[in-house]
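Source file: query_30.cif; contents: mmCIF, C-alpha atoms.
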```
data_target
loop_
_atom_site.label_atom_id
_atom_site.label_comp_id
_atom_site.auth_asym_id
_atom_site.auth_seq_id
_atom_site.Cartn_x
_atom_site.Cartn_y
_atom_site.Cartn_z
CA MET A 54 0.00 0.00 0.00
CA ASP A 55 2.87 2.37 -0.64
CA THR A 56 1.14 4.18 -3.48
CA ILE A 57 -0.75 7.42 -3.73
CA HIS A 58 -3.87 5.58 -2.49
CA GLU A 59 -2.57 5.59 1.03
CA LEU A 60 -2.60 9.38 1.06
CA THR A 61 -6.40 9.34 1.32
CA ALA A 62 -6.31 9.43 5.12
CA ALA A 63 -3.76 12.24 5.25
CA TYR A 64 -5.77 14.15 2.65
CA ALA A 65 -8.97 13.84 4.67
CA LEU A 66 -7.08 15.16 7.72
CA ASP A 67 -5.48 18.01 5.69
CA ALA A 68 -2.06 16.59 6.58
CA LEU A 69 -0.51 16.81 3.10
CA GLU A 70 1.88 19.49 1.89
CA GLY A 71 0.52 21.73 -0.87
CA ASP A 72 2.06 19.88 -3.80
CA GLU A 73 1.16 16.45 -2.40
CA ARG A 74 -2.38 17.72 -2.03
CA ASP A 75 -2.47 18.79 -5.68
CA ARG A 76 -1.06 15.49 -6.82
CA TYR A 77 -3.60 13.59 -4.77
CA GLU A 78 -6.52 15.63 -6.09
CA VAL A 79 -5.51 14.89 -9.64
CA HIS A 80 -5.30 11.24 -8.70
CA LEU A 81 -8.81 11.46 -7.24
CA SER A 82 -10.19 12.41 -10.62
CA SER A 83 -9.27 9.01 -11.97
CA CYS A 84 -9.64 6.72 -8.96
CA ALA A 85 -13.15 5.68 -7.97
CA ALA A 86 -11.83 3.58 -5.08
CA CYS A 87 -10.15 6.60 -3.50
CA ARG A 88 -13.25 8.75 -3.96
CA GLU A 89 -15.28 6.10 -2.21
CA GLU A 90 -12.78 5.86 0.62
CA LEU A 91 -12.50 9.63 0.92
CA ALA A 92 -16.26 9.92 1.37
CA GLY A 93 -15.95 7.65 4.41
CA PHE A 94 -12.91 9.48 5.80
CA TRP A 95 -14.59 12.85 5.37
CA ARG A 96 -17.41 11.58 7.55
CA VAL A 97 -14.80 10.84 10.21
CA SER A 98 -13.09 14.22 9.91
CA GLY A 99 -16.53 15.84 10.12
CA SER A 100 -17.07 13.98 13.38
CA LEU A 101 -13.66 15.07 14.65
CA ALA A 102 -14.70 18.65 13.87
CA HIS A 103 -17.72 18.29 16.13
CA ALA A 104 -15.48 17.05 18.93
CA ALA A 105 -12.90 19.84 18.60
CA GLY A 106 -14.14 21.47 21.77
CA GLY A 107 -13.16 25.07 21.07
CA PRO A 108 -15.01 27.98 22.67
CA ALA A 109 -18.09 29.73 21.29
CA PRO A 110 -17.59 32.53 18.78
CA SER A 111 -18.29 36.15 19.58
CA PRO A 112 -21.86 37.06 18.59
CA ALA A 113 -20.31 39.72 16.34
CA LEU A 114 -19.04 37.04 13.95
CA ARG A 115 -22.56 36.16 12.83
CA SER A 116 -23.41 39.73 11.93
CA ARG A 117 -20.01 40.28 10.31
CA ILE A 118 -20.63 37.34 7.98
CA LEU A 119 -24.19 38.42 7.17
CA VAL A 120 -23.19 42.04 6.57
CA GLU A 121 -20.32 41.00 4.32
CA ALA A 122 -22.60 38.61 2.43
CA ARG A 123 -25.12 41.38 1.86
CA ARG A 124 -22.38 43.77 0.76
CA GLU A 125 -21.18 41.33 -1.85
CA ARG A 126 -24.58 40.36 -3.05
CA PRO A 127 -25.01 42.90 -5.86
CA ASN A 128 -21.82 41.58 -7.43
CA VAL A 129 -23.13 38.11 -7.85
CA ILE A 130 -26.73 38.61 -8.86
CA PRO A 131 -26.48 39.10 -12.64
CA LEU A 132 -25.77 35.49 -13.35
CA ARG A 133 -25.51 35.87 -17.08
CA ARG A 134 -22.86 38.59 -16.83
CA ARG A 135 -21.01 36.71 -14.16
CA LEU A 136 -20.66 33.68 -16.36
CA ALA A 137 -19.72 35.57 -19.47
CA LEU A 138 -17.23 38.23 -18.40
CA PRO A 139 -14.93 37.07 -15.65
CA ALA A 140 -14.70 33.61 -17.12
CA ALA A 141 -11.46 34.28 -18.95
CA ALA A 142 -9.73 35.76 -15.91
CA SER A 143 -11.09 33.07 -13.69
CA PHE A 144 -10.00 30.16 -15.81
CA ALA A 145 -6.62 31.69 -16.48
CA ALA A 146 -6.08 31.89 -12.75
CA VAL A 147 -7.23 28.34 -12.28
CA ALA A 148 -4.84 27.14 -14.93
CA ALA A 149 -2.01 29.16 -13.43
CA VAL A 150 -2.55 27.70 -10.02
CA ALA A 151 -2.93 24.29 -11.62
CA ALA A 152 -4.23 23.00 -8.35
CA ILE A 153 -7.57 21.49 -7.85
CA GLY A 154 -9.94 22.58 -5.20
CA LEU A 155 -8.88 24.29 -2.08
CA GLY A 156 -5.19 24.30 -2.83
CA LEU A 157 -6.10 27.71 -4.09
CA TRP A 158 -6.56 28.89 -0.54
CA GLY A 159 -2.82 28.75 -0.12
CA THR A 160 -2.49 31.22 -2.94
CA SER A 161 -5.20 33.48 -1.64
CA LEU A 162 -3.08 34.08 1.44
CA SER A 163 -0.40 35.87 -0.48
CA GLY A 164 -2.44 39.02 -0.46
CA GLN A 165 -4.34 38.58 -3.70
CA LEU A 166 -7.69 37.99 -2.15
CA ASP A 167 -9.54 40.12 -4.65
CA ASP A 168 -8.11 38.33 -7.66
CA ILE A 169 -8.83 35.02 -6.13
CA ARG A 170 -12.26 35.70 -4.77
CA GLY A 171 -14.15 34.81 -7.91
CA ASP A 172 -12.07 31.72 -8.43
CA LEU A 173 -12.81 30.10 -5.12
CA ALA A 174 -16.21 29.17 -6.35
CA GLY A 175 -14.99 27.43 -9.44
CA ASN A 176 -12.36 25.55 -7.52
CA GLU A 177 -14.67 24.26 -4.89
CA GLY A 178 -16.85 23.07 -7.73
CA VAL A 179 -13.88 21.20 -9.15
CA LEU A 180 -13.14 19.51 -5.89
CA ALA A 181 -16.76 18.56 -5.44
CA VAL A 182 -17.04 17.05 -8.90
CA LEU A 183 -13.75 15.20 -8.70
CA SER A 184 -14.52 13.81 -5.29
CA ASP A 185 -17.95 12.55 -6.28
CA PRO A 186 -17.62 8.76 -6.39
CA SER A 187 -20.60 8.48 -8.73
CA ALA A 188 -19.21 10.93 -11.31
CA ARG A 189 -18.80 9.60 -14.85
CA HIS A 190 -15.52 9.91 -16.73
CA VAL A 191 -15.72 10.40 -20.49
CA GLY A 192 -12.63 10.60 -22.69
CA LEU A 193 -12.05 13.53 -25.08
CA SER A 194 -10.97 12.74 -28.61
CA GLY A 195 -8.03 14.80 -29.85
CA ALA A 196 -6.35 15.31 -26.46
CA ASP A 197 -5.03 13.53 -23.43
CA GLY A 198 -8.03 14.56 -21.42
CA ARG A 199 -11.43 13.70 -20.09
CA VAL A 200 -14.64 15.20 -18.84
CA VAL A 201 -15.76 14.27 -15.33
CA ILE A 202 -19.51 14.68 -14.92
CA ALA A 203 -21.19 14.54 -11.52
CA ARG A 204 -24.69 13.16 -11.22
CA SER A 205 -25.91 16.74 -10.83
CA GLY A 206 -24.63 17.52 -14.35
CA ARG A 207 -21.78 19.69 -13.06
CA ALA A 208 -18.64 18.88 -14.97
CA VAL A 209 -14.90 19.44 -14.99
CA LEU A 210 -12.38 19.10 -17.82
CA VAL A 211 -9.03 17.54 -16.98
CA PHE A 212 -6.14 17.61 -19.47
CA SER A 213 -2.59 16.36 -19.25
CA ASN A 214 0.06 18.10 -21.35
CA LEU A 215 -2.27 20.45 -23.15
CA ASP A 216 -0.42 23.16 -25.05
CA ARG A 217 -1.13 26.69 -23.89
CA ALA A 218 -3.45 28.60 -26.19
CA PRO A 219 -1.37 30.73 -28.58
CA ALA A 220 -1.11 34.46 -27.84
CA GLY A 221 -4.37 36.25 -28.56
CA LYS A 222 -6.31 32.97 -28.52
CA THR A 223 -8.24 31.07 -25.89
CA TYR A 224 -9.78 27.66 -25.58
CA ALA A 225 -13.58 27.77 -25.46
CA ILE A 226 -15.75 25.05 -23.95
CA TRP A 227 -19.13 24.22 -25.48
CA VAL A 228 -21.97 22.10 -24.22
CA ILE A 229 -23.89 20.88 -27.24
CA ALA A 230 -27.40 19.67 -26.48
CA GLY A 231 -30.00 19.23 -29.21
CA GLY A 232 -27.46 20.39 -31.82
CA THR A 233 -26.96 23.86 -30.30
CA PRO A 234 -23.54 24.72 -28.86
CA LEU A 235 -23.82 26.82 -25.72
CA PRO A 236 -20.71 28.58 -24.36
CA ALA A 237 -19.47 26.95 -21.15
CA GLY A 238 -16.26 28.76 -20.23
CA LEU A 239 -12.85 29.87 -21.53
CA PHE A 240 -9.37 28.78 -20.49
CA ASP A 241 -5.78 29.13 -21.60
CA GLY A 242 -4.35 25.74 -20.73
CA ALA A 243 -1.34 24.98 -18.56
CA ASP A 244 1.57 22.91 -19.74
CA THR A 245 1.38 19.87 -17.53
CA ARG A 246 -2.04 19.84 -15.97
CA THR A 247 -5.16 21.77 -16.83
CA VAL A 248 -8.29 21.53 -14.75
CA VAL A 249 -11.27 23.71 -15.60
CA THR A 250 -14.88 23.90 -14.58
CA VAL A 251 -17.57 23.65 -17.23
CA THR A 252 -19.75 26.63 -16.39
CA ARG A 253 -23.05 25.09 -17.39
CA PRO A 254 -24.50 21.71 -16.47
CA VAL A 255 -24.03 18.89 -18.94
CA PRO A 256 -27.39 17.19 -19.62
CA ASP A 257 -27.74 13.56 -20.72
CA ASP A 258 -26.85 12.95 -24.35
CA ALA A 259 -25.00 16.26 -24.64
CA ILE A 260 -21.55 16.60 -26.19
CA VAL A 261 -18.76 18.57 -24.56
CA ALA A 262 -16.40 20.15 -27.08
CA VAL A 263 -13.49 22.59 -27.07
CA THR A 264 -12.59 25.05 -29.84
CA LEU A 265 -9.81 27.61 -30.19
CA GLU A 266 -11.19 31.15 -30.39
CA ASN A 267 -9.95 34.72 -30.27
CA GLU A 268 -9.27 36.06 -26.79
CA GLY A 269 -12.44 37.20 -25.09
CA GLY A 270 -14.50 34.36 -26.47
CA VAL A 271 -17.44 34.23 -28.86
CA ASP A 272 -21.13 33.40 -28.64
CA VAL A 273 -21.02 30.67 -31.27
CA PRO A 274 -18.02 28.53 -32.20
CA THR A 275 -16.12 29.74 -35.26
CA GLY A 276 -14.31 26.50 -36.06
CA SER A 277 -14.71 22.79 -35.68
CA PRO A 278 -13.91 21.26 -32.28
CA LEU A 279 -10.32 20.45 -31.40
CA PHE A 280 -11.47 18.02 -28.75
CA ALA A 281 -14.87 16.50 -28.12
CA THR A 282 -16.62 13.77 -26.20
CA PRO A 283 -19.10 11.35 -27.69
CA ALA A 284 -22.67 12.07 -26.53
CA VAL A 285 -22.60 11.60 -22.77
CA MET B 97 -49.82 69.62 5.20
CA GLN B 98 -51.92 67.89 7.76
CA SER B 99 -52.16 64.74 5.68
CA VAL B 100 -48.37 64.50 5.15
CA ILE B 101 -47.76 64.54 8.88
CA SER B 102 -50.37 61.92 9.51
CA CYS B 103 -48.74 59.67 6.96
CA ALA B 104 -45.38 59.64 8.65
CA PRO B 105 -45.95 57.38 11.64
CA PRO B 106 -47.23 54.35 9.72
CA LEU B 107 -44.25 54.55 7.36
CA VAL B 108 -41.85 54.52 10.27
CA ARG B 109 -43.65 51.62 11.88
CA PHE B 110 -43.50 49.69 8.65
CA ALA B 111 -39.75 50.14 8.42
CA VAL B 112 -39.23 48.95 11.97
CA ARG B 113 -41.43 45.95 11.49
CA SER B 114 -39.67 44.80 8.34
CA GLU B 115 -36.34 44.91 10.11
CA ARG B 116 -37.61 42.92 13.01
CA ALA B 117 -39.07 40.38 10.66
CA GLN B 118 -35.60 39.15 9.66
CA PRO B 119 -34.79 36.84 12.58
CA MET B 120 -38.27 35.35 12.40
CA ARG B 121 -37.82 34.50 8.76
CA THR B 122 -34.65 32.69 9.72
CA ARG B 123 -36.64 30.30 11.82
CA ASP B 124 -38.87 29.59 8.83
CA PHE B 125 -35.95 27.51 7.57
CA ALA B 126 -35.63 25.59 10.81
CA HIS B 127 -37.32 22.51 9.37
CA LEU B 128 -35.04 22.29 6.33
CA SER B 129 -32.13 19.90 6.01
CA ASP B 130 -28.60 21.33 5.90
CA GLU B 131 -28.46 20.30 2.24
CA ALA B 132 -31.61 22.26 1.40
CA LEU B 133 -30.20 25.25 3.25
CA VAL B 134 -27.01 25.12 1.21
CA ALA B 135 -29.09 25.05 -1.96
CA LEU B 136 -30.88 28.20 -0.76
CA VAL B 137 -27.58 29.84 0.17
CA ALA B 138 -26.47 29.17 -3.38
CA ARG B 139 -29.48 31.24 -4.46
CA HIS B 140 -28.37 34.02 -2.13
CA GLU B 141 -31.09 33.66 0.46
CA GLU B 142 -29.67 35.62 3.37
CA SER B 143 -31.96 33.95 5.85
CA ALA B 144 -30.70 30.57 4.76
CA LEU B 145 -27.13 31.72 5.34
CA ALA B 146 -28.12 32.94 8.79
CA GLU B 147 -29.80 29.64 9.63
CA LEU B 148 -26.82 27.67 8.37
CA TYR B 149 -24.55 29.79 10.56
CA ASP B 150 -26.80 29.25 13.55
CA ARG B 151 -26.53 25.51 13.05
CA ILE B 152 -22.86 25.08 12.17
CA GLY B 153 -21.12 28.38 12.95
CA GLY B 154 -20.41 27.48 16.58
CA ILE B 155 -18.92 24.10 15.68
CA ALA B 156 -16.96 25.66 12.82
CA TYR B 157 -15.51 28.30 15.11
CA GLY B 158 -14.67 25.77 17.80
CA LEU B 159 -12.78 23.75 15.21
CA ALA B 160 -10.97 26.76 13.77
CA PHE B 161 -10.03 27.94 17.26
CA ARG B 162 -8.73 24.51 18.26
CA VAL B 163 -6.39 24.59 15.26
CA LEU B 164 -5.47 28.28 15.35
CA ARG B 165 -5.62 29.18 19.08
CA ASP B 166 -6.42 32.74 18.08
CA GLU B 167 -9.83 34.37 18.11
CA SER B 168 -9.33 36.70 15.23
CA LEU B 169 -7.73 34.12 12.91
CA ALA B 170 -10.43 31.59 13.81
CA GLU B 171 -13.10 34.14 12.94
CA ASP B 172 -11.38 34.78 9.62
CA ALA B 173 -11.34 31.08 8.78
CA VAL B 174 -15.03 30.69 9.55
CA GLN B 175 -16.02 33.85 7.73
CA GLU B 176 -14.10 32.91 4.61
CA ALA B 177 -15.64 29.45 4.47
CA PHE B 178 -19.19 30.77 4.82
CA LEU B 179 -18.59 33.53 2.30
CA ALA B 180 -16.99 31.09 -0.13
CA LEU B 181 -20.23 29.16 -0.02
CA TRP B 182 -22.20 32.36 -0.50
CA ARG B 183 -20.09 33.74 -3.35
CA SER B 184 -19.91 30.62 -5.32
CA ALA B 185 -23.66 30.66 -5.93
CA ALA B 186 -24.68 27.95 -8.33
CA ALA B 187 -21.08 26.89 -8.77
CA THR B 188 -20.83 25.35 -5.34
CA PHE B 189 -22.60 22.25 -4.35
CA VAL B 190 -22.06 19.67 -1.76
CA PRO B 191 -20.41 16.48 -2.94
CA GLU B 192 -23.21 14.04 -3.32
CA ARG B 193 -21.97 11.66 -0.67
CA ALA B 194 -21.00 14.22 1.93
CA LYS B 195 -23.37 15.93 4.30
CA ALA B 196 -23.54 19.68 3.85
CA SER B 197 -22.29 20.26 7.38
CA THR B 198 -19.31 17.97 6.77
CA TRP B 199 -18.50 19.81 3.59
CA LEU B 200 -18.62 23.21 5.23
CA LEU B 201 -16.46 22.00 8.12
CA THR B 202 -14.01 20.61 5.57
CA LEU B 203 -13.73 24.11 4.08
CA VAL B 204 -13.23 25.66 7.51
CA HIS B 205 -10.61 23.11 8.47
CA ARG B 206 -8.68 23.50 5.23
CA ARG B 207 -8.64 27.24 5.72
CA ALA B 208 -7.61 27.00 9.36
CA VAL B 209 -4.76 24.61 8.54
CA ASP B 210 -3.48 26.85 5.76
CA LEU B 211 -3.56 29.83 8.12
CA VAL B 212 -1.88 28.06 11.02
CA ARG B 213 0.94 26.82 8.80
CA ARG B 214 1.50 30.31 7.50
CA GLU B 215 1.49 31.81 10.96
CA GLY B 216 3.82 29.17 12.39
CA ARG B 217 1.81 28.98 15.58
CA ARG B 218 0.94 25.32 15.75
CA ARG B 219 0.22 23.77 19.08
CA ALA B 220 0.09 20.13 19.98
CA GLU B 221 -1.30 20.28 23.50
CA PRO B 222 -5.03 19.92 24.09
CA LEU B 223 -7.24 22.90 24.78
CA GLU B 224 -8.10 24.02 28.25
CA ALA B 225 -11.64 22.92 28.94
CA ALA B 226 -13.85 25.33 27.03
CA PRO B 227 -17.55 25.96 27.35
CA GLU B 228 -19.55 24.24 24.67
CA PRO B 229 -20.31 26.38 21.65
CA ALA B 230 -23.87 27.60 21.45
CA VAL B 231 -25.67 26.00 18.55
CA GLY B 232 -29.27 26.56 17.51
CA SER B 233 -31.86 25.05 19.79
CA ALA B 234 -31.60 23.12 23.05
CA ALA B 235 -32.04 19.91 21.04
CA ASP B 236 -29.09 20.90 18.85
CA SER B 237 -26.94 21.50 21.93
CA ALA B 238 -27.92 18.14 23.37
CA TRP B 239 -27.08 16.48 20.07
CA LEU B 240 -23.70 18.20 19.94
CA ARG B 241 -22.85 17.13 23.48
CA LEU B 242 -23.66 13.51 22.63
CA GLU B 243 -21.78 13.70 19.35
CA ARG B 244 -18.68 14.98 21.15
CA GLU B 245 -18.89 12.21 23.71
CA ARG B 246 -19.36 9.65 20.95
CA VAL B 247 -16.33 10.84 18.98
CA GLN B 248 -14.15 11.24 22.05
CA GLY B 249 -15.18 7.76 23.16
CA ALA B 250 -14.20 6.35 19.77
CA LEU B 251 -10.87 8.22 19.87
CA ARG B 252 -10.13 6.71 23.28
CA GLN B 253 -10.52 3.23 21.81
CA LEU B 254 -7.68 3.81 19.33
CA PRO B 255 -4.16 2.68 20.18
CA ASP B 256 -2.31 5.67 21.68
CA GLN B 257 0.03 6.11 18.74
CA GLN B 258 -2.79 6.20 16.20
CA ARG B 259 -4.75 8.67 18.28
CA GLU B 260 -1.73 10.90 18.75
CA THR B 261 -1.04 10.94 15.00
CA ILE B 262 -4.62 11.80 14.11
CA GLU B 263 -4.84 14.54 16.73
CA LEU B 264 -1.54 16.13 15.70
CA ALA B 265 -2.71 16.16 12.09
CA TYR B 266 -6.33 17.23 12.43
CA TYR B 267 -6.29 19.43 15.51
CA GLY B 268 -2.65 20.49 15.35
CA GLY B 269 -2.43 21.22 11.63
CA PHE B 270 0.86 19.32 11.26
CA THR B 271 1.66 17.63 7.96
CA GLN B 272 2.45 13.94 7.92
CA SER B 273 6.14 14.73 7.29
CA GLU B 274 6.24 17.13 10.23
CA ILE B 275 4.65 14.53 12.48
CA ALA B 276 7.27 12.00 11.41
CA GLY B 277 10.02 14.50 12.30
CA ARG B 278 8.42 15.44 15.57
CA LEU B 279 7.93 11.86 16.74
CA GLY B 280 11.21 10.62 15.27
CA GLU B 281 9.45 7.94 13.23
CA PRO B 282 9.80 7.04 9.55
CA LEU B 283 7.25 8.76 7.29
CA GLY B 284 5.92 5.38 6.20
CA THR B 285 5.08 4.53 9.80
CA ILE B 286 3.15 7.78 10.23
CA LYS B 287 1.29 7.24 6.96
CA SER B 288 0.15 3.79 7.92
CA ARG B 289 -0.73 4.89 11.47
CA MET B 290 -2.87 7.65 10.03
CA PHE B 291 -4.56 5.28 7.61
CA SER B 292 -5.17 2.50 10.14
CA GLY B 293 -6.30 4.97 12.77
CA LEU B 294 -8.76 6.74 10.53
CA SER B 295 -10.12 3.43 9.19
CA ARG B 296 -10.59 2.14 12.73
CA LEU B 297 -12.24 5.38 13.77
CA ARG B 298 -14.58 5.17 10.79
CA ASP B 299 -15.56 1.65 11.74
CA LEU B 300 -16.10 2.61 15.37
CA LEU B 301 -18.23 5.61 14.42
CA ASP B 302 -20.15 3.66 11.77
CA GLU B 303 -20.96 0.97 14.29
CA GLY B 304 -22.80 3.93 15.71
CA ALA B 305 -23.40 2.73 19.24
CA GLY B 306 -23.72 6.34 20.33
CA GLU B 307 -25.93 7.25 17.45
CA GLU B 308 -28.36 4.45 18.12
CA ALA B 309 -28.59 5.44 21.75
CA TRP B 310 -29.41 8.96 20.67
CA THR B 311 -32.02 7.85 18.15
CA ARG B 312 -33.66 5.75 20.83
CA SER B 313 -33.65 8.51 23.37
CA THR B 314 -35.32 10.98 21.02
CA SER B 315 -37.90 8.72 19.44
#
```
Would it be possible to restate this file's structure as structure tokens?
Amino acid sequence: MDTIHELTAAYALDALEGDERDRYEVHLSSCAACREELAGFWRVSGSLAHAAGGPAPSPALRSRILVEARRERPNVIPLRRRLALPAAASFAAVAAVAAIGLGLWGTSLSGQLDDIRGDLAGNEGVLAVLSDPSARHVGLSGADGRVVIARSGRAVLVFSNLDRAPAGKTYAIWVIAGGTPLPAGLFDGADTRTVVTVTRPVPDDAIVAVTLENEGGVDVPTGSPLFATPAV
Amino acid sequence: MQSVISCAPPLVRFAVRSERAQPMRTRDFAHLSDEALVALVARHEESALAELYDRIGGIAYGLAFRVLRDESLAEDAVQEAFLALWRSAAATFVPERAKASTWLLTLVHRRAVDLVRREGRRRAEPLEAAPEPAVGSAADSAWLRLERERVQGALRQLPDQQRETIELAYYGGFTQSEIAGRLGEPLGTIKSRMFSGLSRLRDLLDEGAGEEAWTRSTS
């Protein structure tokens, strides 16, 4: 048992170093046995949390959280804009960090909270999809990559050794259902490992495809897909 | 002129009443599962966020404080986890096999561990006895007390070395390599202690002696 599998316990206890954590999360995306085991270990760490025995928080914390939530609310309401505009920045950051899930929190500590803020969401989504034992894994033709689709329809693209998009270009994700491609996020690609969230749910029988587009993205694909799944 | 003045008092009363209505609306969510609450938080229902905090905030803070031993850092860890859930809107969901509370506590713990490693303030010794965190209703507090006893009872059944390793990692924020260095043991030994200990703990908790007792006592 001296493989990456045995890191499941340490991962559930948050006892891995940052790079081990990243490596393990990538492993999770392809190992159903580890996802199953992690689900059990997370139950245990959740129980340990209940038994931590720290003191009660100051009542001010509750109002601080609610006030801050309300303050941020106007920024997140226009869902359509949120998905369209910051997508490029968000995915670029995700690719740059090249870490799945909460590894990003390490980065957020270096004083770039504002840059990172929007990305937290996407990354937690990644972790959730990749750690879902019932998620389906569908290979992408044309690349060393796959789409991981949770039962909820939320999906994540995982590539190994994907070339960065050329200058002025970006990869665009499409979810094609009923013959209509709908934009589902932009990303630049990282050299060794690229992990990106598909920004719209993937329904049954849809195809997930990736095209190369001009920076900023487009509403409809301008070329044929570089990579695509069969109908999922 | 007269009519304008006579209009004023009802307007003022209305404003006051709508502000007071907030906490009551929170309790409207009292019957919902944690998972349903998270779904509402994802739709930016403030009252759902408040209810979720009332249920889990105390436990989350207790956990963050145990790791960080600092009020202000512990508050930061809890706030960031709750706001991450809030910000992420539709993008966040709970992994299908994890309870929403477990997921949120996982976020809090990850944040607390990252902070404590940055601050270099890790502590291995147990906490002084602390008052129990206030959570929701009296039934919630009773449940939490039993849950703590159940988990502590299970921890006591582990061999000392396994328990020590798990506590240093989860409550102390030490990495497995740091624990190996600290205890003067090979890394492989620590890894397998952690794995065996957590597996044993899972089995003990899944046997659920405590849980059954609780179910019986409330039904």
* To do: Find the residues around Gly269 in chain B up to 8 Å (only C-alpha atoms counted), leave out those fewer than 6 positions away in its own chain, and share them as a count of residues only.
  => 7
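We find CA of Glu171 in chain B and CA of Leu136 in chain B to be spaced 23.2 Å apart.
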* Within 12 Å of Arg278 in chain B using only C-alpha atoms, minus same-chain residues under 5 positions, as a ChimeraX atom specification -> /B:220,260-261,264-265,270-273,283,286
* To do: May I ask which of the residues A:Gly270, A:Pro283, A:Gly107, A:Pro219 is the closest one to chain B, counting all atoms listed in the file?
  => A:Gly107
With the cut-off set at 6 Å and counting all atoms listed in the file, tabulate each residue of chain A with an atom at most that distance from an atom of chain B, showing the nearest atom pair and its distance in Å to one decimal, ordered by chain and increasing number, as CSV.
```
residue,atom,partner,partner_atom,distance
A:Ala62,CA,B:Phe291,CA,5.1
A:Leu66,CA,B:Tyr266,CA,5.2
A:Ala68,CA,B:Thr271,CA,4.1
A:Leu69,CA,B:Thr271,CA,5.4
A:Val97,CA,B:Arg298,CA,5.7
A:Gly99,CA,B:Thr198,CA,4.8
A:Ala102,CA,B:Leu159,CA,5.6
A:His103,CA,B:Ile155,CA,5.9
A:Ala104,CA,B:Arg244,CA,4.4
A:Ala105,CA,B:Leu159,CA,5.2
A:Gly106,CA,B:Gly158,CA,5.9
A:Gly107,CA,B:Gly158,CA,3.7
A:Pro108,CA,B:Ala226,CA,5.2
A:Ala109,CA,B:Pro229,CA,4.0
A:Pro110,CA,B:Tyr157,CA,6.0
A:Ile118,CA,B:Gln175,CA,5.8
A:Ala174,CA,B:Ser184,CA,4.1
A:Gly178,CA,B:Thr188,CA,5.2
A:Ala181,CA,B:Pro191,CA,4.9
A:Asp185,CA,B:Pro191,CA,5.7
```
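Straight-line separation from CA of Phe212 in chain A to CA of Arg74 in chain A: 17.8 Å.
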* Asked: What does the distance from CA of Val249 in chain A to CA of Val134 in chain B come to in Å, to one decimal?
  ->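 Going from CA of Val249 in chain A over to CA of Val134 in chain B covers 23.1 Å.
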* Tell me which of A:Val182, A:Ala259, A:Cys84, A:Ala196 sits closest to Asp216 in chain A, counting only C-alpha atoms. => A:Ala196
